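Structure file upload13.tsv with TSV, C-alpha atoms and all ligand atoms:
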chain	number	residue	atom	x	y	z
A	202	MET	CA	-2.67	-5.67	17.98
A	203	GLY	CA	-3.01	-4.25	14.52
A	204	ARG	CA	-2.34	-6.13	11.34
A	205	VAL	CA	0.20	-4.55	9.00
A	206	ILE	CA	-0.22	-4.89	5.22
A	207	ALA	CA	2.31	-3.59	2.71
A	208	VAL	CA	0.89	-2.66	-0.69
A	209	ALA	CA	3.85	-3.26	-2.96
A	210	ASN	CA	4.93	-3.60	-6.56
A	211	GLN	CA	8.08	-2.00	-7.97
A	212	LYS	CA	6.16	-1.08	-11.09
A	213	GLY	CA	4.54	2.36	-10.96
A	214	GLY	CA	0.97	3.06	-11.99
A	215	VAL	CA	-0.50	-0.30	-10.98
A	216	ALA	CA	-2.94	1.21	-8.42
A	217	LYS	CA	-0.94	0.66	-5.22
A	218	THR	CA	-1.88	4.04	-3.84
A	219	THR	CA	-5.49	3.86	-5.02
A	220	THR	CA	-5.78	0.45	-3.39
A	221	ALA	CA	-4.17	1.55	-0.12
A	222	VAL	CA	-6.59	4.48	0.09
A	223	ASN	CA	-9.78	2.60	-0.80
A	224	LEU	CA	-8.98	-0.55	1.12
A	225	GLY	CA	-7.99	1.58	4.11
A	226	ILE	CA	-11.17	3.63	4.03
A	227	GLY	CA	-13.15	0.44	3.28
A	228	LEU	CA	-11.82	-1.07	6.50
A	229	ALA	CA	-12.57	2.14	8.40
A	230	ARG	CA	-16.16	1.95	7.16
A	231	GLU	CA	-16.33	-1.49	8.74
A	232	GLY	CA	-15.45	0.08	12.06
A	233	LYS	CA	-11.73	-0.68	12.01
A	234	ARG	CA	-9.14	1.76	13.25
A	235	VAL	CA	-6.86	2.37	10.27
A	236	LEU	CA	-3.52	4.07	9.71
A	237	LEU	CA	-2.23	4.68	6.18
A	238	VAL	CA	1.52	5.17	5.91
A	239	ASP	CA	2.92	6.93	2.85
A	240	THR	CA	6.46	5.70	2.15
A	241	ASP	CA	6.65	7.12	-1.37
A	242	PRO	CA	8.75	10.30	-1.80
A	243	GLN	CA	6.18	11.39	-4.36
A	244	GLY	CA	3.64	11.63	-1.55
A	245	SER	CA	0.83	10.47	-3.82
A	246	LEU	CA	-1.17	8.87	-1.04
A	247	THR	CA	-0.85	12.01	1.04
A	248	ALA	CA	-1.81	14.21	-1.91
A	249	SER	CA	-4.69	12.00	-2.98
A	250	LEU	CA	-6.29	12.42	0.44
A	251	GLY	CA	-6.46	16.15	0.06
A	252	TYR	CA	-3.03	17.24	1.32
A	253	VAL	CA	-2.18	18.50	-2.11
A	254	GLU	CA	1.25	19.89	-1.23
A	255	PRO	CA	2.92	17.04	0.66
A	256	ASP	CA	6.28	18.83	0.54
A	257	GLU	CA	4.88	21.62	2.72
A	258	ILE	CA	3.68	19.40	5.57
A	259	PRO	CA	5.87	20.17	8.59
A	260	ILE	CA	6.07	16.69	10.16
A	261	THR	CA	6.14	13.65	7.91
A	262	LEU	CA	7.40	10.09	7.92
A	263	ALA	CA	10.91	11.28	7.04
A	264	ASN	CA	11.09	13.29	10.30
A	265	ILE	CA	9.78	10.38	12.33
A	266	LEU	CA	12.22	7.90	10.81
A	267	THR	CA	15.07	10.35	11.29
A	268	ALA	CA	14.16	10.45	14.97
A	269	VAL	CA	14.15	6.63	15.06
A	270	ILE	CA	17.61	6.56	13.46
A	271	ASN	CA	18.90	9.11	15.97
A	272	GLU	CA	17.33	7.17	18.83
A	273	GLU	CA	15.25	10.14	19.83
A	274	GLU	CA	11.92	9.65	21.51
A	275	VAL	CA	9.02	9.41	19.05
A	276	ASN	CA	5.57	10.66	20.00
A	277	PRO	CA	3.03	8.20	18.55
A	278	SER	CA	0.62	10.98	17.62
A	279	GLY	CA	3.40	13.07	16.08
A	280	GLY	CA	2.69	14.07	12.50
A	281	ILE	CA	-0.49	12.00	12.19
A	282	LEU	CA	-3.16	13.62	10.02
A	283	HIS	CA	-6.83	12.75	10.30
A	284	HIS	CA	-8.97	12.39	7.20
A	285	GLU	CA	-12.71	13.10	7.28
A	286	GLU	CA	-13.46	9.52	6.27
A	287	ASP	CA	-12.18	8.31	9.62
A	288	ILE	CA	-8.68	7.24	8.89
A	289	ASP	CA	-5.31	8.43	10.08
A	290	ILE	CA	-2.44	9.19	7.73
A	291	MET	CA	1.28	9.30	8.31
A	292	PRO	CA	2.19	11.54	5.40
A	293	GLY	CA	5.21	11.14	3.17
A	294	ASN	CA	7.03	13.54	0.88
A	295	ILE	CA	10.21	14.25	-1.05
A	296	GLU	CA	12.29	14.19	2.15
A	297	LEU	CA	11.97	10.41	2.06
A	298	SER	CA	14.36	10.40	-0.90
A	299	ALA	CA	17.25	11.81	1.06
A	300	LEU	CA	16.30	9.70	4.04
A	301	GLU	CA	16.50	6.51	2.00
A	302	VAL	CA	20.13	7.32	1.26
A	303	VAL	CA	20.84	7.93	4.95
A	304	MET	CA	19.07	4.70	5.87
A	305	GLY	CA	21.46	2.73	3.71
A	306	ASN	CA	24.33	3.66	6.00
A	307	VAL	CA	23.01	3.06	9.46
A	308	MET	CA	23.02	0.03	11.72
A	309	SER	CA	20.00	-2.27	11.31
A	310	ARG	CA	18.92	-0.26	8.32
A	311	GLU	CA	16.17	-2.72	7.38
A	312	LEU	CA	14.41	-2.32	10.73
A	313	ILE	CA	13.91	1.43	10.93
A	314	LEU	CA	10.32	1.59	9.71
A	315	LYS	CA	9.46	-1.51	11.74
A	316	ASP	CA	10.48	0.31	14.93
A	317	TYR	CA	7.90	2.98	14.18
A	318	ILE	CA	5.17	0.64	12.93
A	319	ASP	CA	5.48	-1.66	15.95
A	320	MET	CA	5.01	1.35	18.17
A	321	MET	CA	1.75	2.16	16.35
A	322	ARG	CA	0.29	-1.37	16.26
A	323	GLU	CA	-1.67	-1.17	19.47
A	324	ARG	CA	-3.48	1.98	18.36
A	325	TYR	CA	-4.88	0.53	15.13
A	326	ASP	CA	-6.60	-2.57	13.76
A	327	TYR	CA	-4.97	-2.17	10.37
A	328	ILE	CA	-1.88	-0.33	9.23
A	329	LEU	CA	-1.48	-0.15	5.45
A	330	ILE	CA	1.90	0.80	4.04
A	331	ASP	CA	1.81	2.33	0.56
A	332	CYS	CA	5.14	1.48	-1.07
A	333	MET	CA	7.15	3.41	-3.61
A	334	PRO	CA	7.73	2.00	-7.09
A	335	SER	CA	11.13	0.41	-6.41
A	336	LEU	CA	12.66	-2.46	-4.49
A	337	GLY	CA	15.03	-0.17	-2.63
A	338	MET	CA	15.69	0.23	1.08
A	339	MET	CA	12.33	1.85	1.84
A	340	THR	CA	10.39	-1.02	0.28
A	341	ILE	CA	12.58	-3.56	2.10
A	342	ASN	CA	11.76	-1.65	5.31
A	343	ALA	CA	8.05	-1.92	4.49
A	344	LEU	CA	8.33	-5.68	3.89
A	345	VAL	CA	10.18	-6.11	7.17
A	346	ALA	CA	7.57	-4.10	9.07
A	347	ALA	CA	4.58	-5.92	7.53
A	348	ASP	CA	2.67	-9.08	8.38
A	349	SER	CA	1.61	-9.54	4.78
A	350	VAL	CA	1.99	-8.10	1.30
A	351	LEU	CA	-0.79	-7.24	-1.12
A	352	ILE	CA	0.46	-7.01	-4.71
A	353	PRO	CA	-1.59	-4.93	-7.14
A	354	VAL	CA	-0.96	-5.96	-10.72
A	355	GLN	CA	-2.25	-4.04	-13.67
A	356	ALA	CA	-4.21	-6.43	-15.83
A	357	ALA	CA	-3.24	-4.75	-19.08
A	358	TYR	CA	-0.06	-6.64	-19.92
A	359	LEU	CA	1.61	-9.87	-18.92
A	360	PRO	CA	3.35	-8.83	-15.75
A	361	VAL	CA	5.08	-12.10	-14.98
A	362	LYS	CA	8.66	-10.90	-15.25
A	363	GLY	CA	8.44	-7.96	-12.88
A	364	LEU	CA	6.51	-10.10	-10.46
A	365	GLN	CA	9.26	-12.70	-10.27
A	366	GLN	CA	11.70	-10.05	-9.10
A	367	LEU	CA	9.24	-8.79	-6.49
A	368	ILE	CA	8.46	-12.27	-5.22
A	369	LYS	CA	12.15	-13.10	-5.03
A	370	THR	CA	12.68	-10.01	-2.89
A	371	ILE	CA	9.73	-10.87	-0.67
A	372	LEU	CA	11.03	-14.43	-0.15
A	373	MET	CA	14.49	-13.09	0.65
A	374	VAL	CA	13.07	-10.74	3.26
A	375	LYS	CA	11.00	-13.60	4.65
A	376	LYS	CA	14.03	-15.84	4.95
A	377	ARG	CA	16.46	-13.34	6.43
A	378	LEU	CA	14.50	-10.62	8.18
A	379	ASN	CA	10.81	-11.35	8.69
A	380	ARG	CA	9.94	-15.04	9.03
A	381	GLY	CA	6.24	-14.37	9.48
A	382	LEU	CA	5.80	-12.38	6.27
A	383	GLU	CA	2.97	-13.71	4.09
A	384	ILE	CA	2.06	-12.96	0.51
A	385	GLN	CA	-1.59	-12.18	1.06
A	386	GLY	CA	-2.32	-12.15	-2.62
A	387	ILE	CA	-2.14	-10.64	-6.04
A	388	LEU	CA	-4.85	-8.11	-6.82
A	389	LEU	CA	-5.70	-7.56	-10.47
A	390	THR	CA	-6.36	-3.88	-11.08
A	391	MET	CA	-7.52	-1.69	-13.95
A	392	VAL	CA	-9.25	-4.63	-15.56
A	393	ASP	CA	-10.84	-3.74	-18.85
A	394	TYR	CA	-13.80	-6.05	-19.18
A	395	ARG	CA	-14.17	-5.23	-22.85
A	396	THR	CA	-11.11	-7.38	-23.47
A	397	ASN	CA	-10.29	-10.90	-22.38
A	398	TYR	CA	-7.04	-9.79	-20.83
A	399	ALA	CA	-8.14	-10.26	-17.24
A	400	LYS	CA	-8.97	-13.90	-17.85
A	401	ASP	CA	-5.77	-14.51	-19.79
A	402	ILE	CA	-3.66	-12.86	-17.14
A	403	THR	CA	-5.36	-14.66	-14.27
A	404	ALA	CA	-4.82	-17.94	-16.10
A	405	LYS	CA	-1.19	-17.06	-16.77
A	406	LEU	CA	-0.60	-16.09	-13.12
A	407	ARG	CA	-2.19	-19.35	-11.93
A	408	GLU	CA	-0.05	-21.30	-14.35
A	409	THR	CA	3.10	-19.55	-13.18
A	410	TYR	CA	2.54	-19.43	-9.44
A	411	GLY	CA	0.08	-22.26	-9.02
A	412	SER	CA	-1.15	-22.64	-5.53
A	413	ARG	CA	1.86	-20.88	-4.04
A	414	ILE	CA	0.43	-17.41	-4.31
A	415	ALA	CA	-3.20	-16.52	-3.89
A	416	ILE	CA	-4.99	-14.25	-6.30
A	417	PHE	CA	-7.81	-12.18	-4.81
A	418	GLU	CA	-11.22	-13.17	-6.08
A	419	THR	CA	-12.03	-9.50	-6.45
A	420	ALA	CA	-10.55	-7.70	-9.43
A	421	ILE	CA	-10.69	-3.93	-9.74
A	422	PRO	CA	-12.24	-2.68	-12.96
A	423	MET	CA	-10.74	0.06	-15.07
A	424	SER	CA	-12.71	3.23	-14.49
A	425	VAL	CA	-12.20	6.92	-14.81
A	426	LYS	CA	-14.11	7.20	-11.50
A	427	ALA	CA	-11.13	5.68	-9.71
A	428	ALA	CA	-8.80	8.22	-11.25
A	429	GLU	CA	-11.09	11.11	-10.31
A	430	THR	CA	-11.07	10.32	-6.60
A	431	SER	CA	-7.47	11.36	-6.08
A	432	ALA	CA	-8.23	14.81	-7.43
A	433	GLU	CA	-11.19	15.08	-5.05
A	434	GLY	CA	-9.23	14.02	-1.98
A	435	VAL	CA	-11.79	11.40	-1.00
A	436	SER	CA	-12.41	7.68	-1.40
A	437	ILE	CA	-14.38	6.02	-4.16
A	438	TYR	CA	-17.17	5.40	-1.60
A	439	SER	CA	-17.65	9.15	-1.21
A	440	HIS	CA	-16.99	10.07	-4.79
A	441	CYS	CA	-19.11	7.48	-6.53
A	442	PRO	CA	-20.62	4.94	-4.12
A	443	LYS	CA	-22.66	3.11	-6.73
A	444	SER	CA	-19.85	2.59	-9.22
A	445	LYS	CA	-18.41	-0.80	-10.07
A	446	VAL	CA	-15.03	0.26	-8.67
A	447	ALA	CA	-16.61	1.15	-5.32
A	448	GLU	CA	-18.32	-2.23	-5.31
A	449	ALA	CA	-15.01	-3.94	-6.11
A	450	TYR	CA	-13.17	-2.18	-3.30
A	451	ARG	CA	-15.98	-3.09	-0.89
A	452	ASN	CA	-15.55	-6.74	-1.94
A	453	LEU	CA	-11.79	-6.50	-1.52
A	454	THR	CA	-12.35	-5.09	1.97
A	455	GLN	CA	-14.48	-8.13	2.84
A	456	GLU	CA	-11.82	-10.48	1.49
A	457	VAL	CA	-9.20	-8.79	3.64
A	458	LEU	CA	-11.44	-9.01	6.71
A	459	GLU	CA	-12.02	-12.70	5.95
A	460	TYR	CA	-8.31	-13.37	5.56
A	461	GLU	CA	-7.72	-12.63	9.19
A	462	LYS	CA	-10.19	-15.28	10.29
A	501	LIG	P1	0.68	3.39	-8.09
A	501	LIG	O1	0.55	3.83	-6.68
A	501	LIG	O2	0.91	1.92	-8.23
A	501	LIG	O3	1.72	4.18	-8.85
A	501	LIG	P2	-1.85	4.74	-8.51
A	501	LIG	O4	-2.79	4.22	-7.49
A	501	LIG	O5	-1.24	6.07	-8.28
A	501	LIG	O6	-0.73	3.67	-8.83
A	501	LIG	O7	-2.62	4.71	-9.90
A	501	LIG	C1	-1.99	5.13	-11.11
A	501	LIG	C2	-2.96	5.98	-11.93
A	501	LIG	O8	-4.07	5.17	-12.33
A	501	LIG	C3	-3.56	7.12	-11.12
A	501	LIG	O9	-3.74	8.21	-11.96
A	501	LIG	C4	-4.90	6.57	-10.66
A	501	LIG	O10	-5.82	7.59	-10.43
A	501	LIG	C5	-5.29	5.69	-11.83
A	501	LIG	N1	-6.13	4.55	-11.43
A	501	LIG	C6	-6.10	3.85	-10.28
A	501	LIG	N2	-7.01	2.86	-10.28
A	501	LIG	C7	-7.66	2.94	-11.45
A	501	LIG	C8	-8.74	2.19	-12.05
A	501	LIG	N3	-9.31	1.18	-11.41
A	501	LIG	N4	-9.15	2.57	-13.28
A	501	LIG	C9	-8.56	3.60	-13.93
A	501	LIG	N5	-7.56	4.34	-13.42
A	501	LIG	C10	-7.09	4.03	-12.20
A	502	MG	MG	1.71	5.16	-5.56
Write-out of the structure in structure tokens:
Amino acid sequence: MGRVIAVANQKGGVAKTTTAVNLGIGLAREGKRVLLVDTDPQGSLTASLGYVEPDEIPITLANILTAVINEEEVNPSGGILHHEEDIDIMPGNIELSALEVVMGNVMSRELILKDYIDMMRERYDYILIDCMPSLGMMTINALVAADSVLIPVQAAYLPVKGLQQLIKTILMVKKRLNRGLEIQGILLTMVDYRTNYAKDITAKLRETYGSRIAIFETAIPMSVKAAETSAEGVSIYSHCPKSKVAEAYRNLTQEVLEYEK
């Protein structure tokens, strides 16, 4: 049975999508069967894997979730795209925006994505859900569907405030809707090693959350190489295998594999 990890933070631009892609492909390179699920109406994950016009893809997550809502039969291979680096993608696009509104008005609205994800669990070792930058119904659905949450945090400012809101939401979901949900850890991203920020922020996070929330040992360095990959439609391992960012994502992959043991 696959493990489901939501990559979430309501702040945009913190490397959620970049992390979902490179952790996902990192796990695939370790022989794991991986599905990436794009729940962001912007379709950035979909686009960054080479499907540059997500809004023109005929079957996407919005269609699948609409079928779930309408209690129609869902074909598990329906809409799945296969990327050359050995991962599967359930694409997302702008239609998720309208769907999120519909979701708000149906019975068991928090469980819609979970219905789909649970159906997919036996086909994959890991399912990574790339969340949109909000704490709306789609992100709640992702938290309900997941076993754990990975929280990318950009190490360029003190992010404590936004994090409190996110953690509050996660704990609420855990209490009411998904008892087993774990906070797998905070991942520092876009670390600029020319400054002392990363150290300051790690210290601040430790001080604030103490032992309650783990912080990944790996931190992802700031690098233009990471930004280039999305334009190329490939992972950092293909684009620039010897870079520090590639090394960091390989280390993160190992930490995630370890976590399960
Ligand atoms: P999110 O999904 O949280 O909005 P993205 O993964 O889309 O964040 O990243 C935001 C922007 O930062 C993108 O342009 C991406 O290419 C870039 N980026 C991601 N990781 C890094 C990094 N380690 N160093 C520099 N730029 C990065
Ligand atoms: Mg994103």
Fill in: Which residue of A:Gln385, A:Thr220, A:Ser298, A:Thr454 approaches ligand LIG 501 (chain A) most closely, using all atoms listed in the file
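Of A:Gln385, A:Thr220, A:Ser298, A:Thr454, the one nearest ligand LIG 501 (chain A) is A:Thr220, counting all atoms listed in the file.
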Produce a table with one row for each residue of chain A that has an atom at most 10 Å from any atom of ligand LIG 501 (chain A), each row naming the nearest atom pair and its distance in Å at one decimal; use all atoms listed in the file; arrange rows by chain and rising residue number; format as JSON lines.
{"residue": "A:Val208", "atom": "CA", "partner": "A:LIG501", "partner_atom": "O2", "distance": 8.8}
{"residue": "A:Ala209", "atom": "CA", "partner": "A:LIG501", "partner_atom": "O2", "distance": 8.0}
{"residue": "A:Asn210", "atom": "CA", "partner": "A:LIG501", "partner_atom": "O2", "distance": 7.0}
{"residue": "A:Gln211", "atom": "CA", "partner": "A:LIG501", "partner_atom": "O2", "distance": 8.2}
{"residue": "A:Lys212", "atom": "CA", "partner": "A:LIG501", "partner_atom": "O2", "distance": 6.7}
{"residue": "A:Gly213", "atom": "CA", "partner": "A:LIG501", "partner_atom": "O3", "distance": 4.0}
{"residue": "A:Gly214", "atom": "CA", "partner": "A:LIG501", "partner_atom": "O3", "distance": 3.4}
{"residue": "A:Val215", "atom": "CA", "partner": "A:LIG501", "partner_atom": "O2", "distance": 3.8}
{"residue": "A:Ala216", "atom": "CA", "partner": "A:LIG501", "partner_atom": "O4", "distance": 3.2}
{"residue": "A:Lys217", "atom": "CA", "partner": "A:LIG501", "partner_atom": "O2", "distance": 3.8}
{"residue": "A:Thr218", "atom": "CA", "partner": "A:LIG501", "partner_atom": "O1", "distance": 3.7}
{"residue": "A:Thr219", "atom": "CA", "partner": "A:LIG501", "partner_atom": "O4", "distance": 3.7}
{"residue": "A:Thr220", "atom": "CA", "partner": "A:LIG501", "partner_atom": "O4", "distance": 6.3}
{"residue": "A:Ala221", "atom": "CA", "partner": "A:LIG501", "partner_atom": "O4", "distance": 8.0}
{"residue": "A:Val222", "atom": "CA", "partner": "A:LIG501", "partner_atom": "O4", "distance": 8.5}
{"residue": "A:Asn223", "atom": "CA", "partner": "A:LIG501", "partner_atom": "O4", "distance": 9.8}
{"residue": "A:Asp241", "atom": "CA", "partner": "A:LIG501", "partner_atom": "O1", "distance": 8.7}
{"residue": "A:Gln243", "atom": "CA", "partner": "A:LIG501", "partner_atom": "O3", "distance": 9.6}
{"residue": "A:Gly244", "atom": "CA", "partner": "A:LIG501", "partner_atom": "O1", "distance": 9.8}
{"residue": "A:Ser245", "atom": "CA", "partner": "A:LIG501", "partner_atom": "O5", "distance": 6.6}
{"residue": "A:Leu246", "atom": "CA", "partner": "A:LIG501", "partner_atom": "O1", "distance": 7.8}
{"residue": "A:Ser249", "atom": "CA", "partner": "A:LIG501", "partner_atom": "O5", "distance": 8.7}
{"residue": "A:Asp331", "atom": "CA", "partner": "A:LIG501", "partner_atom": "O1", "distance": 7.5}
{"residue": "A:Cys332", "atom": "CA", "partner": "A:LIG501", "partner_atom": "O1", "distance": 7.6}
{"residue": "A:Met333", "atom": "CA", "partner": "A:LIG501", "partner_atom": "O1", "distance": 7.3}
{"residue": "A:Pro334", "atom": "CA", "partner": "A:LIG501", "partner_atom": "O3", "distance": 6.6}
{"residue": "A:Ile352", "atom": "CA", "partner": "A:LIG501", "partner_atom": "O2", "distance": 9.6}
{"residue": "A:Pro353", "atom": "CA", "partner": "A:LIG501", "partner_atom": "O2", "distance": 7.4}
{"residue": "A:Val354", "atom": "CA", "partner": "A:LIG501", "partner_atom": "O2", "distance": 8.5}
{"residue": "A:Gln355", "atom": "CA", "partner": "A:LIG501", "partner_atom": "O2", "distance": 8.7}
{"residue": "A:Leu389", "atom": "CA", "partner": "A:LIG501", "partner_atom": "N3", "distance": 9.5}
{"residue": "A:Thr390", "atom": "CA", "partner": "A:LIG501", "partner_atom": "N3", "distance": 5.9}
{"residue": "A:Met391", "atom": "CA", "partner": "A:LIG501", "partner_atom": "N3", "distance": 4.2}
{"residue": "A:Val392", "atom": "CA", "partner": "A:LIG501", "partner_atom": "N3", "distance": 7.1}
{"residue": "A:Asp393", "atom": "CA", "partner": "A:LIG501", "partner_atom": "N4", "distance": 8.6}
{"residue": "A:Ala420", "atom": "CA", "partner": "A:LIG501", "partner_atom": "N3", "distance": 9.2}
{"residue": "A:Ile421", "atom": "CA", "partner": "A:LIG501", "partner_atom": "N3", "distance": 5.6}
{"residue": "A:Pro422", "atom": "CA", "partner": "A:LIG501", "partner_atom": "N3", "distance": 5.1}
{"residue": "A:Met423", "atom": "CA", "partner": "A:LIG501", "partner_atom": "N4", "distance": 3.5}
{"residue": "A:Ser424", "atom": "CA", "partner": "A:LIG501", "partner_atom": "N4", "distance": 3.8}
{"residue": "A:Val425", "atom": "CA", "partner": "A:LIG501", "partner_atom": "C9", "distance": 5.0}
{"residue": "A:Lys426", "atom": "CA", "partner": "A:LIG501", "partner_atom": "N4", "distance": 7.0}
{"residue": "A:Ala427", "atom": "CA", "partner": "A:LIG501", "partner_atom": "C7", "distance": 4.8}
{"residue": "A:Ala428", "atom": "CA", "partner": "A:LIG501", "partner_atom": "O10", "distance": 3.2}
{"residue": "A:Glu429", "atom": "CA", "partner": "A:LIG501", "partner_atom": "O10", "distance": 6.3}
{"residue": "A:Thr430", "atom": "CA", "partner": "A:LIG501", "partner_atom": "O10", "distance": 7.0}
{"residue": "A:Ser431", "atom": "CA", "partner": "A:LIG501", "partner_atom": "O10", "distance": 6.0}
{"residue": "A:Ala432", "atom": "CA", "partner": "A:LIG501", "partner_atom": "O10", "distance": 8.2}
{"residue": "A:Lys445", "atom": "CA", "partner": "A:LIG501", "partner_atom": "N3", "distance": 9.4}
{"residue": "A:Val446", "atom": "CA", "partner": "A:LIG501", "partner_atom": "N3", "distance": 6.4}
{"residue": "A:Ala447", "atom": "CA", "partner": "A:LIG501", "partner_atom": "N3", "distance": 9.5}
{"residue": "A:Ala449", "atom": "CA", "partner": "A:LIG501", "partner_atom": "N3", "distance": 9.3}
{"residue": "A:Tyr450", "atom": "CA", "partner": "A:LIG501", "partner_atom": "N3", "distance": 9.6}
Item to complete: Between A:Ala229, A:Glu285, A:Glu272, A:Ser439, single out the one closest to Gly251 (chain A), counting only C-alpha atoms.
Response: A:Glu285
Worksheet item: What residues have an atom no more than 8 Å from (-14.3, 3.1, 3.1) in the file's own frame, counting all atoms listed in the file, and can you write them as a ChimeraX atom specification?
Response: /A:223-231,286,436-438,451
Discussion item. With only C-alpha atoms as the counted atoms, please give the residues lying no more than 12 Å from Ile368 (chain A), apart from itself and same-chain residues fewer than 2 positions off, as a list of chain:residue names.
Written reply: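 Here the qualifying residues turn out to be A:Ala209, A:Asn210, A:Gln211, A:Leu336, A:Leu344, A:Val350, A:Leu351, A:Ile352, A:Val361, A:Lys362, A:Gly363, A:Leu364, A:Gln365, A:Gln366, A:Thr370, A:Ile371, A:Leu372, A:Met373, A:Val374, A:Lys375, A:Leu382, A:Glu383, A:Ile384, A:Gln385, A:Gly386, A:Ile387, A:Tyr410, A:Arg413, A:Ile414.
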Item to complete: Considering all atoms listed in the file, state which residue in the set A:Ser444, A:Thr340, A:Thr419, A:Thr267 is at the smallest distance from Glu456 (chain A).
Response: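 Smallest separation from Glu456 (chain A) among the options: A:Thr419.
Using only C-alpha atoms and all ligand atoms for every distance, the candidate list A:Arg234, A:Ala299, A:Ser335, A:Val307 yields A:Ser335 as the residue closest to ligand MG 502 (chain A).
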Around region 270-280 of chain A, fit a box with edges along x, y and z, padding it by 8 Å on each side, then list its centre and edge lengths in Å to one decimal as AutoDock Vina command-line options.
--center_x 9.8 --center_y 10.3 --center_z 17.0 --size_x 34.3 --size_y 23.5 --size_z 25.0
Worksheet entry | Point (6.6, 15.5, 8.9), cut-off 12 Å, counting all atoms listed in the file, residues as a PyMOL selection string | chain A and resi 238-240+244+247+255-268+278-282+290-297
